[in-house]
Amino acid sequence: MSSETKTPDKFTIINELARRRGFFWQSYEIYGGVSGFVTYGFLGAKLKQNIEKKLRELFVNKLRILEIESPVIAPSKVFEASGHVDHFKEPMVECQKCKRRFRADHLLQEFAKIGESEAEKLSLKELKEAIEKHEIRCPECGGTFGEPKYFLTMFKTAIGPYSEAVGYGRPEAAQGIFVEFRRLYDMAREKLPFGALQIGHALRNEISPRQGLIRLREFTIIDLEFFFDPEEPNCFLLKDVENETLRMVLAESKLRGSEEIVEVTVKEALEKSYIKAEWQAVFMALAKKLLVDLGVPAEKQRFIEKLPWERAHYALQSFDQEVYVERWGWVEVSGHAYRTDYDLKRHMQFSGADMRVFKEYEKPVETEQTVIKPLMAKLGPVFKEEAAKVAEVLSKADPEDVEASIKKNGYYMLGEYKILPEYVEIARQKVKERGKRFVPHVVEPSFGSDRMVQFALEYAYRVKDDRSVLSFPRDIAPIQVGVYPLVSKDGLPEKALQVYKMLLDEGFMVEYDEAGSIGRRYARADEIGIPLGITVDYETLKDNTVTIRDRDSWKQVRSGIEDLPELLHKYFRWKANFEDLGKPF
RNA sequence: GCGGUCGUAGUCUAGCUUGGUCAAGACAUCGGCCUCCCACGCCGACGACCCGGGUUCGAAUCCCGGCGACCGCACCA
């Protein structure tokens with residue numbers, strides 16, 4: 001402990017509370033703990049589930065979105081295709097004198113004026129040579145650098161006990177969706193737009209994760225890949241959200257060194273092309289609403305545009321949704337990337353599978369095309385064993401070119417082969433095209449589930465009369481109702497247990513507590529954010545009514561036990577306010 | 001990974017300088033008593049020196065290593 005006792009900040013208090021009351025804690029504590037890994041206790045797991053449920057309500061059910069679950073481990077091919085094997089590693093050099101580490105490519109950009117894209121392409125050997133050539137020394141102490149080494153931030157493993165097959169732990173769940181695209185498209189009845197969602201663990205071998213739930217080595221990611229036709233980019237949900245406002249920090253402001261926030265409606269953001277894809281704008285609006293529903297006020301949120309060199313390798317435009325927290329300022333909670341057709345195209349290249357979709361024209365398009373038919377009877381004697389190859393290459397040449405050249409010059413040079421007019425038949429052919437094939441575009445909202453838990457806690461936390469209260473929005477509270485006998489005798493516990501069982505049967509998350517004074521039990525319940533407390537007292541034995549207590553106002557109302565199920569169902573679906581639950585007490 | 005600070009019950013702290021009747025207090029938890037609606041009071045119980053090695057007759061205390069935490073640097077595709 002440090003000698004000067006600082007008052008702990010909110011983050012510290014919340015983490016302490018989370019550990020003490022069983023929301024979450026660092027994993028493997030009995031072996032000293034390993035940073036970047038966390039275990040959720042009962043309350044935390046429930047809170048997280050409720051948050052994810054809320055996201056599903058908002059995104060999944062209304063939007064033709066298919067939720068799937070795919071593996072965490074993937075063969076190396078998958079992440080080679082996705083570009084992660086190339087991009088997920090950093091070339092590092094260590095100063096031999098002061099042991100500080102630096103990004104080798106960043107040093108070259110800064111001190112040798114080598115362009116960013118150029119610096120990124122250099123191999124370890126080339127980096128070493130460039131550093132030596134430009135005599136780059138440690139910017140901190142002037143020492144010389146050792147060998148550049150890659151730091152790979154993906155977890156690597158071997159698939160199968162005796163196998164050499166390399167596998168990686170996924171750093172995002174998105175690839176699990178892209179590789180299954182053909183089946184998913186099938187399940188979506190071959191209609192665009194549609195989306196696929198995955199909530200699951202992802203692994204990133206962070207260098208030094210030490211911000212609680214904010215940076216973990218194993219964490220829960222929520223990746224939503226939404227596929228659409230770039231020629232029909234309109235979003236059918238736009239009307240519902242076009243007047244929602246977004247607080248944005250644009251790339252152009254950042255370039256000027258400013259973090260000025262512009263507040264615009266979704267509609268304006270699209271009109272002014274702050275946001276390029278309509279779907280992306282809509283998802284951003286929904287993401288804002290989600291965080292508001294989790295208790296983060298709109299003014300504590302913003303969307304910050306990534307500069308080209310800050311963007312992931314797959315993204316054409318991306319925004320980070322950030323939430324303001326006391327300890328660190330603005331922290332990312334979701335990323336909104338326009339991934340275009342990058343991923344599907346790459347998997348198409350690497351796997352050979354056709355990721356294109358077929359789009360039927362309203363009317364078939366008839367076109368007349370020039371067709372070059374090789375006449376094998378002539379080609380054979382001239383080119384002998386090469387004839388088949390010539391014919392094949394010829395079929396790939398542009399027929400218009402071939403025809404034009406033959407008309408003009410009397411021959412066509414196909415590489416080193418001279419094609420004379422008599423070798424081919426030039427014909428016109430009518431072709432009926434019923435549609436075309438293309439690779440769909442993707443916008444991706446991607447949420448960190450653990451961060452949402454952290455932010456929900458941060459904004460739920462209040463202090464009332466020196467007591468900690470977690471004022472969760474009522475629909476994400478891990479436990480909904482506490483049931484208490486006023487005293488633990490005279491038949492009150494028996495009566496309270498009846499109420500408790502009834503509410504359990506109704507499907508509520510209920511807790512029963514008879515230990516300690518009633519005030520202490522209320523305080524305990526407030527600290528884990530139970531919205532309502534039901535107390536069985538001596539009145540109850542006479543007229544079958546109980547008191548209902550509100551966590552936030554500490555007000556109490558009185559109601560009949562038989563009315564509780566309906567009243568509470570309404571309350572938790574936001575169809576009744578606390579005051580509607582009974583008569584003031 | 002570097003530098004600084006630090007690691008004692010579930011939590012917060014005392015003890016460490018000067019090694020030895022030293023493992024203490026408060027809160028929380030559990031049991032009991034009290035018609036008890038906002039952490040009431042009283043009685044009782046459970047419960048800790050981060051791990052490993054060294055020095056020593058003897059280590060929570062001194063030394064070394066490891067692990068972990070916080071702050072700063074770097075990193076966060």
# chains A, B, ... in the order shown; residues from 1 in each chain; ligands from 1

call {"tool": "residues_around", "arguments": {"residues": "segment 35-37 of chain B", "least_positions_apart": "5", "cutoff": "8 Å", "atoms": "only C-alpha atoms (C1' of nucleotides)", "output": "list in words"}}
result
Leu486, Val487, Ser517, Ile518 and Gly519 of chain A

call {"tool": "write_last_selection", "arguments": {"atoms": "all heavy atoms", "output": "PDB file, in the first residue's frame"}}
result
ATOM      1  N   LEU A 486     -40.436  -9.471   7.581  1.00  0.00           N
ATOM      2  CA  LEU A 486     -39.986  -8.325   8.379  1.00  0.00           C
ATOM      3  C   LEU A 486     -39.124  -8.814   9.542  1.00  0.00           C
ATOM      4  O   LEU A 486     -38.077  -8.243   9.824  1.00  0.00           O
ATOM      5  CB  LEU A 486     -41.193  -7.552   8.913  1.00  0.00           C
ATOM      6  CG  LEU A 486     -40.865  -6.290   9.698  1.00  0.00           C
ATOM      7  CD1 LEU A 486     -40.176  -5.243   8.829  1.00  0.00           C
ATOM      8  CD2 LEU A 486     -42.130  -5.702  10.314  1.00  0.00           C
ATOM      9  N   VAL A 487     -39.597  -9.886  10.230  1.00  0.00           N
ATOM     10  CA  VAL A 487     -38.794 -10.520  11.269  1.00  0.00           C
ATOM     11  C   VAL A 487     -38.846 -12.017  11.011  1.00  0.00           C
ATOM     12  O   VAL A 487     -39.756 -12.506  10.349  1.00  0.00           O
ATOM     13  CB  VAL A 487     -39.333 -10.228  12.681  1.00  0.00           C
ATOM     14  CG1 VAL A 487     -39.233  -8.743  12.973  1.00  0.00           C
ATOM     15  CG2 VAL A 487     -40.758 -10.718  12.830  1.00  0.00           C
ATOM     16  N   SER A 517     -31.297  -7.418  10.174  1.00  0.00           N
ATOM     17  CA  SER A 517     -32.424  -6.489  10.228  1.00  0.00           C
ATOM     18  C   SER A 517     -32.922  -6.200   8.825  1.00  0.00           C
ATOM     19  O   SER A 517     -32.209  -6.397   7.854  1.00  0.00           O
ATOM     20  CB  SER A 517     -31.988  -5.186  10.885  1.00  0.00           C
ATOM     21  OG  SER A 517     -31.215  -4.443   9.971  1.00  0.00           O
ATOM     22  N   ILE A 518     -34.152  -5.716   8.765  1.00  0.00           N
ATOM     23  CA  ILE A 518     -34.744  -5.443   7.461  1.00  0.00           C
ATOM     24  C   ILE A 518     -33.943  -4.377   6.701  1.00  0.00           C
ATOM     25  O   ILE A 518     -33.749  -4.471   5.496  1.00  0.00           O
ATOM     26  CB  ILE A 518     -36.240  -5.050   7.604  1.00  0.00           C
ATOM     27  CG1 ILE A 518     -36.921  -4.995   6.237  1.00  0.00           C
ATOM     28  CG2 ILE A 518     -36.409  -3.737   8.341  1.00  0.00           C
ATOM     29  CD1 ILE A 518     -37.068  -6.345   5.578  1.00  0.00           C
ATOM     30  N   GLY A 519     -33.448  -3.397   7.443  1.00  0.00           N
ATOM     31  CA  GLY A 519     -32.657  -2.333   6.816  1.00  0.00           C
ATOM     32  C   GLY A 519     -31.393  -2.873   6.199  1.00  0.00           C
ATOM     33  O   GLY A 519     -31.005  -2.498   5.095  1.00  0.00           O
TER      34      GLY A 519
END

call {"tool": "residues_around", "arguments": {"residues": "Leu213 of chain A", "least_positions_apart": "3", "cutoff": "10 Å", "atoms": "only C-alpha atoms (C1' of nucleotides)", "output": "ChimeraX atom specification"}}
result
/A:15,24-26,36-38,209-210,216-217,219,448-455

call {"tool": "write_last_selection", "arguments": {"atoms": "N, CA and C atoms", "output": "CSV table (one decimal), in the first residue's frame"}}
result
chain,number,residue,atom,x,y,z
A,15,ASN,N,-14.8,-2.4,-9.1
A,15,ASN,CA,-14.2,-3.7,-9.2
A,15,ASN,C,-14.1,-4.4,-7.8
A,24,PHE,N,-17.7,-10.4,-10.8
A,24,PHE,CA,-16.6,-11.0,-11.5
A,24,PHE,C,-15.3,-10.8,-10.8
A,25,TRP,N,-14.3,-11.6,-11.1
A,25,TRP,CA,-13.0,-11.4,-10.5
A,25,TRP,C,-11.9,-12.0,-11.4
A,26,GLN,N,-10.7,-11.7,-11.1
A,26,GLN,CA,-9.6,-12.3,-11.9
A,26,GLN,C,-9.5,-13.8,-11.8
A,36,GLY,N,-5.7,-10.6,-17.6
A,36,GLY,CA,-6.3,-10.7,-18.9
A,36,GLY,C,-7.4,-11.8,-19.0
A,37,PHE,N,-7.6,-12.4,-17.8
A,37,PHE,CA,-8.6,-13.5,-17.8
A,37,PHE,C,-9.5,-13.2,-16.6
A,38,VAL,N,-10.8,-13.4,-16.8
A,38,VAL,CA,-11.7,-13.1,-15.8
A,38,VAL,C,-12.8,-14.1,-15.7
A,209,PRO,N,-2.5,-6.5,-20.6
A,209,PRO,CA,-3.9,-6.1,-20.3
A,209,PRO,C,-4.0,-5.8,-18.8
A,210,ARG,N,-4.3,-4.6,-18.5
A,210,ARG,CA,-4.5,-4.4,-17.0
A,210,ARG,C,-5.6,-3.4,-16.8
A,216,LEU,N,-9.1,-7.7,-22.1
A,216,LEU,CA,-8.9,-9.1,-21.6
A,216,LEU,C,-8.2,-9.9,-22.7
A,217,ARG,N,-7.6,-10.9,-22.4
A,217,ARG,CA,-7.0,-11.8,-23.4
A,217,ARG,C,-8.0,-12.8,-23.9
A,219,PHE,N,-12.1,-12.9,-24.2
A,219,PHE,CA,-13.3,-12.0,-23.9
A,219,PHE,C,-14.5,-12.4,-24.8
A,448,GLY,N,-18.0,-5.3,-27.6
A,448,GLY,CA,-17.4,-6.0,-26.5
A,448,GLY,C,-18.3,-6.2,-25.4
A,449,SER,N,-18.7,-7.5,-25.2
A,449,SER,CA,-19.7,-7.8,-24.2
A,449,SER,C,-19.3,-7.4,-22.8
A,450,ASP,N,-18.0,-7.7,-22.5
A,450,ASP,CA,-17.5,-7.4,-21.2
A,450,ASP,C,-17.4,-5.9,-20.9
A,451,ARG,N,-17.1,-5.2,-21.9
A,451,ARG,CA,-17.1,-3.7,-21.7
A,451,ARG,C,-18.5,-3.2,-21.4
A,452,MET,N,-19.5,-3.8,-22.1
A,452,MET,CA,-20.8,-3.3,-21.8
A,452,MET,C,-21.2,-3.6,-20.3
A,453,VAL,N,-20.7,-4.7,-19.8
A,453,VAL,CA,-20.9,-5.0,-18.4
A,453,VAL,C,-20.3,-3.9,-17.5
A,454,GLN,N,-19.0,-3.6,-17.9
A,454,GLN,CA,-18.3,-2.6,-17.1
A,454,GLN,C,-19.0,-1.3,-17.1
A,455,PHE,N,-19.5,-0.9,-18.3
A,455,PHE,CA,-20.1,0.4,-18.4
A,455,PHE,C,-21.4,0.4,-17.7

call {"tool": "atom_distance", "arguments": {"atom1": "atom CA of Pro565 of chain A", "atom2": "atom CA of Thr540 of chain A"}}
result
16.7 Å

call {"tool": "residues_around", "arguments": {"residues": "A59 of chain B", "least_positions_apart": "3", "cutoff": "10 Å", "atoms": "only C-alpha atoms (C1' of nucleotides)", "output": "list in words"}}
result
G19, G20, U55, U56 and C62 of chain B

call {"tool": "closest_atom_pairs", "arguments": {"of": "chain B", "to": "chain A", "cutoff": "8 Å", "atoms": "only C-alpha atoms (C1' of nucleotides)", "output": "JSON lines"}}
result
{"residue": "B:G1", "atom": "C1'", "partner": "A:Arg101", "partner_atom": "CA", "distance": 7.0}
{"residue": "B:C2", "atom": "C1'", "partner": "A:Arg100", "partner_atom": "CA", "distance": 5.7}
{"residue": "B:U5", "atom": "C1'", "partner": "A:Ser2", "partner_atom": "CA", "distance": 6.3}
{"residue": "B:C6", "atom": "C1'", "partner": "A:Met1", "partner_atom": "CA", "distance": 5.0}
{"residue": "B:G7", "atom": "C1'", "partner": "A:Met1", "partner_atom": "CA", "distance": 7.8}
{"residue": "B:G10", "atom": "C1'", "partner": "A:Arg20", "partner_atom": "CA", "distance": 6.2}
{"residue": "B:U11", "atom": "C1'", "partner": "A:Arg20", "partner_atom": "CA", "distance": 7.1}
{"residue": "B:U35", "atom": "C1'", "partner": "A:Val487", "partner_atom": "CA", "distance": 7.7}
{"residue": "B:C36", "atom": "C1'", "partner": "A:Ser517", "partner_atom": "CA", "distance": 6.0}
{"residue": "B:C37", "atom": "C1'", "partner": "A:Ile518", "partner_atom": "CA", "distance": 6.5}
{"residue": "B:C38", "atom": "C1'", "partner": "A:Gly519", "partner_atom": "CA", "distance": 4.1}
{"residue": "B:A39", "atom": "C1'", "partner": "A:Arg520", "partner_atom": "CA", "distance": 4.6}
{"residue": "B:C50", "atom": "C1'", "partner": "A:Gly32", "partner_atom": "CA", "distance": 6.5}
{"residue": "B:C51", "atom": "C1'", "partner": "A:Gly32", "partner_atom": "CA", "distance": 7.5}
{"residue": "B:C67", "atom": "C1'", "partner": "A:Gly32", "partner_atom": "CA", "distance": 5.7}
{"residue": "B:G68", "atom": "C1'", "partner": "A:Gly32", "partner_atom": "CA", "distance": 5.9}
{"residue": "B:A74", "atom": "C1'", "partner": "A:Arg101", "partner_atom": "CA", "distance": 6.5}
{"residue": "B:C75", "atom": "C1'", "partner": "A:Ile207", "partner_atom": "CA", "distance": 6.3}
{"residue": "B:C76", "atom": "C1'", "partner": "A:Glu206", "partner_atom": "CA", "distance": 7.2}
{"residue": "B:A77", "atom": "C1'", "partner": "A:Phe88", "partner_atom": "CA", "distance": 5.0}

call {"tool": "atom_distance", "arguments": {"atom1": "atom CA of Asp223 of chain A", "atom2": "atom CA of Gly195 of chain A"}}
result
10.2 Å

call {"tool": "select_by_dssp", "arguments": {"residues": "segment 320-558 of chain A", "states": "strand (DSSP E or B)", "output": "PyMOL selection string"}}
result
chain A and resi 320-325+329-340+357-374+412-414+417-419+424-438+441-448+461-464+467-470+481-485+510-512+532-536+545-550+556-558

call {"tool": "residues_around", "arguments": {"residues": "C22 of chain B", "least_positions_apart": "6", "cutoff": "12 Å", "atoms": "only C-alpha atoms (C1' of nucleotides)", "output": "VMD selection string"}}
result
chain B and resid 8 14 to 16 49 60 to 61

call {"tool": "residues_around", "arguments": {"residues": "segment 246-260 of chain A", "least_positions_apart": "5", "cutoff": "9 Å", "atoms": "only C-alpha atoms (C1' of nucleotides)", "output": "list of chain:residue names"}}
result
A:Thr265, A:Val266, A:Ala269, A:Tyr274, A:Met284, A:Ala285, A:Lys288, A:Ala298, A:Glu299, A:Gln301, A:Arg302, A:Phe303, A:Ile304, A:Glu305, A:Lys306, A:Leu307, A:Pro308, A:Phe319

call {"tool": "write_last_selection", "arguments": {"atoms": "all heavy atoms", "output": "CSV table (one decimal), in the first residue's frame"}}
result
chain,number,residue,atom,x,y,z
A,265,THR,N,-28.4,14.4,-36.9
A,265,THR,CA,-29.3,13.2,-37.0
A,265,THR,C,-28.7,12.2,-38.0
A,265,THR,O,-27.9,12.5,-38.8
A,265,THR,CB,-30.7,13.7,-37.5
A,265,THR,OG1,-30.6,14.2,-38.8
A,265,THR,CG2,-31.3,14.7,-36.6
A,266,VAL,N,-29.3,11.0,-37.9
A,266,VAL,CA,-28.8,10.0,-38.8
A,266,VAL,C,-29.0,10.4,-40.2
A,266,VAL,O,-28.1,10.2,-41.1
A,266,VAL,CB,-29.6,8.7,-38.5
A,266,VAL,CG1,-29.4,7.6,-39.6
A,266,VAL,CG2,-29.3,8.1,-37.1
A,269,ALA,N,-26.3,12.9,-41.2
A,269,ALA,CA,-25.0,12.2,-41.3
A,269,ALA,C,-24.9,11.5,-42.7
A,269,ALA,O,-23.8,11.5,-43.3
A,269,ALA,CB,-24.8,11.2,-40.2
A,274,TYR,N,-21.2,11.9,-44.0
A,274,TYR,CA,-20.3,11.6,-42.9
A,274,TYR,C,-20.2,10.1,-42.7
A,274,TYR,O,-19.1,9.5,-42.4
A,274,TYR,CB,-20.8,12.2,-41.5
A,274,TYR,CG,-20.8,13.7,-41.5
A,274,TYR,CD1,-21.6,14.3,-40.5
A,274,TYR,CD2,-20.1,14.5,-42.3
A,274,TYR,CE1,-21.7,15.7,-40.4
A,274,TYR,CE2,-20.1,15.8,-42.2
A,274,TYR,CZ,-20.9,16.4,-41.2
A,274,TYR,OH,-20.9,17.8,-41.1
A,284,MET,N,-25.4,2.2,-36.1
A,284,MET,CA,-24.8,3.1,-35.2
A,284,MET,C,-25.9,3.7,-34.3
A,284,MET,O,-25.8,3.8,-33.1
A,284,MET,CB,-24.0,4.2,-35.9
A,284,MET,CG,-22.7,3.7,-36.4
A,284,MET,SD,-21.9,4.8,-37.6
A,284,MET,CE,-21.4,6.2,-36.7
A,285,ALA,N,-27.0,4.0,-34.9
A,285,ALA,CA,-28.2,4.6,-34.1
A,285,ALA,C,-28.7,3.5,-33.1
A,285,ALA,O,-29.0,3.8,-32.0
A,285,ALA,CB,-29.3,5.0,-35.1
A,288,LYS,N,-26.3,3.2,-30.2
A,288,LYS,CA,-26.4,4.3,-29.3
A,288,LYS,C,-27.6,4.0,-28.4
A,288,LYS,O,-27.5,4.1,-27.1
A,288,LYS,CB,-26.7,5.6,-30.0
A,288,LYS,CG,-27.0,6.7,-29.1
A,288,LYS,CD,-27.7,7.8,-29.8
A,288,LYS,CE,-28.5,8.7,-28.8
A,288,LYS,NZ,-29.3,9.7,-29.5
A,298,ALA,N,-26.9,9.5,-23.4
A,298,ALA,CA,-26.4,9.9,-24.7
A,298,ALA,C,-25.2,10.8,-24.7
A,298,ALA,O,-24.3,10.6,-25.5
A,298,ALA,CB,-27.6,10.5,-25.5
A,299,GLU,N,-25.2,11.7,-23.8
A,299,GLU,CA,-24.1,12.7,-23.8
A,299,GLU,C,-22.8,12.1,-23.3
A,299,GLU,O,-21.8,12.8,-23.3
A,299,GLU,CB,-24.5,14.0,-23.0
A,299,GLU,CG,-24.6,13.8,-21.5
A,299,GLU,CD,-26.0,13.3,-21.1
A,299,GLU,OE1,-26.8,12.9,-22.0
A,299,GLU,OE2,-26.3,13.4,-19.9
A,301,GLN,N,-21.7,9.4,-24.7
A,301,GLN,CA,-21.3,8.5,-25.8
A,301,GLN,C,-20.9,9.4,-27.0
A,301,GLN,O,-21.4,10.5,-27.1
A,301,GLN,CB,-22.5,7.7,-26.3
A,301,GLN,CG,-23.2,6.8,-25.2
A,301,GLN,CD,-24.3,6.0,-25.8
A,301,GLN,OE1,-24.3,5.7,-27.0
A,301,GLN,NE2,-25.4,5.8,-25.0
A,302,ARG,N,-20.1,8.8,-27.8
A,302,ARG,CA,-19.7,9.4,-29.1
A,302,ARG,C,-19.2,8.4,-30.1
A,302,ARG,O,-18.8,7.3,-29.7
A,302,ARG,CB,-18.7,10.5,-28.9
A,302,ARG,CG,-17.3,9.9,-28.5
A,302,ARG,CD,-16.3,11.1,-28.3
A,302,ARG,NE,-14.9,10.5,-28.2
A,302,ARG,CZ,-13.8,11.2,-28.0
A,302,ARG,NH1,-13.9,12.5,-27.9
A,302,ARG,NH2,-12.7,10.6,-27.9
A,303,PHE,N,-19.3,8.8,-31.3
A,303,PHE,CA,-18.7,7.9,-32.4
A,303,PHE,C,-17.5,8.6,-33.0
A,303,PHE,O,-17.6,9.8,-33.4
A,303,PHE,CB,-19.7,7.7,-33.5
A,303,PHE,CG,-20.8,6.8,-33.0
A,303,PHE,CD1,-22.0,7.3,-32.5
A,303,PHE,CD2,-20.7,5.4,-33.1
A,303,PHE,CE1,-23.0,6.5,-32.1
A,303,PHE,CE2,-21.7,4.6,-32.7
A,303,PHE,CZ,-22.9,5.1,-32.2
A,304,ILE,N,-16.4,8.0,-32.9
A,304,ILE,CA,-15.2,8.6,-33.4
A,304,ILE,C,-14.7,7.9,-34.7
A,304,ILE,O,-14.6,6.7,-34.7
A,304,ILE,CB,-14.1,8.7,-32.3
A,304,ILE,CG1,-12.9,9.5,-32.7
A,304,ILE,CG2,-13.7,7.4,-31.7
A,304,ILE,CD1,-12.1,10.1,-31.6
A,305,GLU,N,-14.5,8.7,-35.7
A,305,GLU,CA,-14.1,8.0,-37.0
A,305,GLU,C,-12.6,7.7,-37.0
A,305,GLU,O,-11.8,8.5,-36.5
A,305,GLU,CB,-14.4,9.0,-38.1
A,305,GLU,CG,-14.2,8.3,-39.5
A,305,GLU,CD,-14.6,9.2,-40.7
A,305,GLU,OE1,-15.0,10.4,-40.4
A,305,GLU,OE2,-14.5,8.8,-41.8
A,306,LYS,N,-12.3,6.5,-37.5
A,306,LYS,CA,-10.9,6.1,-37.5
A,306,LYS,C,-10.2,6.7,-38.8
A,306,LYS,O,-10.8,6.8,-39.9
A,306,LYS,CB,-10.8,4.6,-37.7
A,306,LYS,CG,-11.4,3.8,-36.5
A,306,LYS,CD,-10.4,3.8,-35.4
A,306,LYS,CE,-10.5,2.5,-34.6
A,306,LYS,NZ,-9.5,2.5,-33.6
A,307,LEU,N,-9.0,7.2,-38.5
A,307,LEU,CA,-8.2,7.7,-39.7
A,307,LEU,C,-7.8,6.5,-40.5
A,307,LEU,O,-7.7,5.4,-40.0
A,307,LEU,CB,-7.0,8.5,-39.2
A,307,LEU,CG,-7.4,9.7,-38.4
A,307,LEU,CD1,-6.2,10.3,-37.7
A,307,LEU,CD2,-8.0,10.8,-39.3
A,308,PRO,N,-7.5,6.7,-41.8
A,308,PRO,CA,-7.1,5.6,-42.7
A,308,PRO,C,-6.1,4.7,-42.1
A,308,PRO,O,-6.2,3.4,-42.1
A,308,PRO,CB,-6.6,6.3,-43.9
A,308,PRO,CG,-7.3,7.6,-44.0
A,308,PRO,CD,-7.5,8.0,-42.5
A,319,PHE,N,-16.0,3.5,-37.5
A,319,PHE,CA,-16.3,4.4,-36.4
A,319,PHE,C,-16.2,3.5,-35.1
A,319,PHE,O,-16.6,2.4,-35.1
A,319,PHE,CB,-17.7,5.0,-36.4
A,319,PHE,CG,-17.9,6.0,-37.5
A,319,PHE,CD1,-18.3,5.6,-38.7
A,319,PHE,CD2,-17.6,7.3,-37.2
A,319,PHE,CE1,-18.5,6.5,-39.7
A,319,PHE,CE2,-17.8,8.3,-38.2
A,319,PHE,CZ,-18.3,7.9,-39.5

call {"tool": "atom_distance", "arguments": {"atom1": "atom C1' of G44 of chain B", "atom2": "atom C1' of A9 of chain B"}}
result
18.0 Å

call {"tool": "select_by_dssp", "arguments": {"residues": "segment 296-422 of chain A", "states": "alpha helix (DSSP H)", "output": "ChimeraX atom specification"}}
result
/A:342-351,376-383,387-396,399-409

call {"tool": "closest_residue", "arguments": {"among": "A:Glu566, A:Glu242, A:Asp550, A:Glu400", "to": "Phe578 of chain A", "atoms": "only C-alpha atoms"}}
result
A:Asp550

call {"tool": "closest_residue", "arguments": {"among": "A:Ala74, A:Ile199, A:Ile372, A:Ala188", "to": "Met154 of chain A", "atoms": "only C-alpha atoms"}}
result
A:Ala74

call {"tool": "residues_around", "arguments": {"residues": "Asp580 of chain A", "least_positions_apart": "3", "cutoff": "10 Å", "atoms": "only C-alpha atoms (C1' of nucleotides)", "output": "NGL selection string"}}
result
:A and (557 or 567 or 570-571 or 575-577 or 583-584)
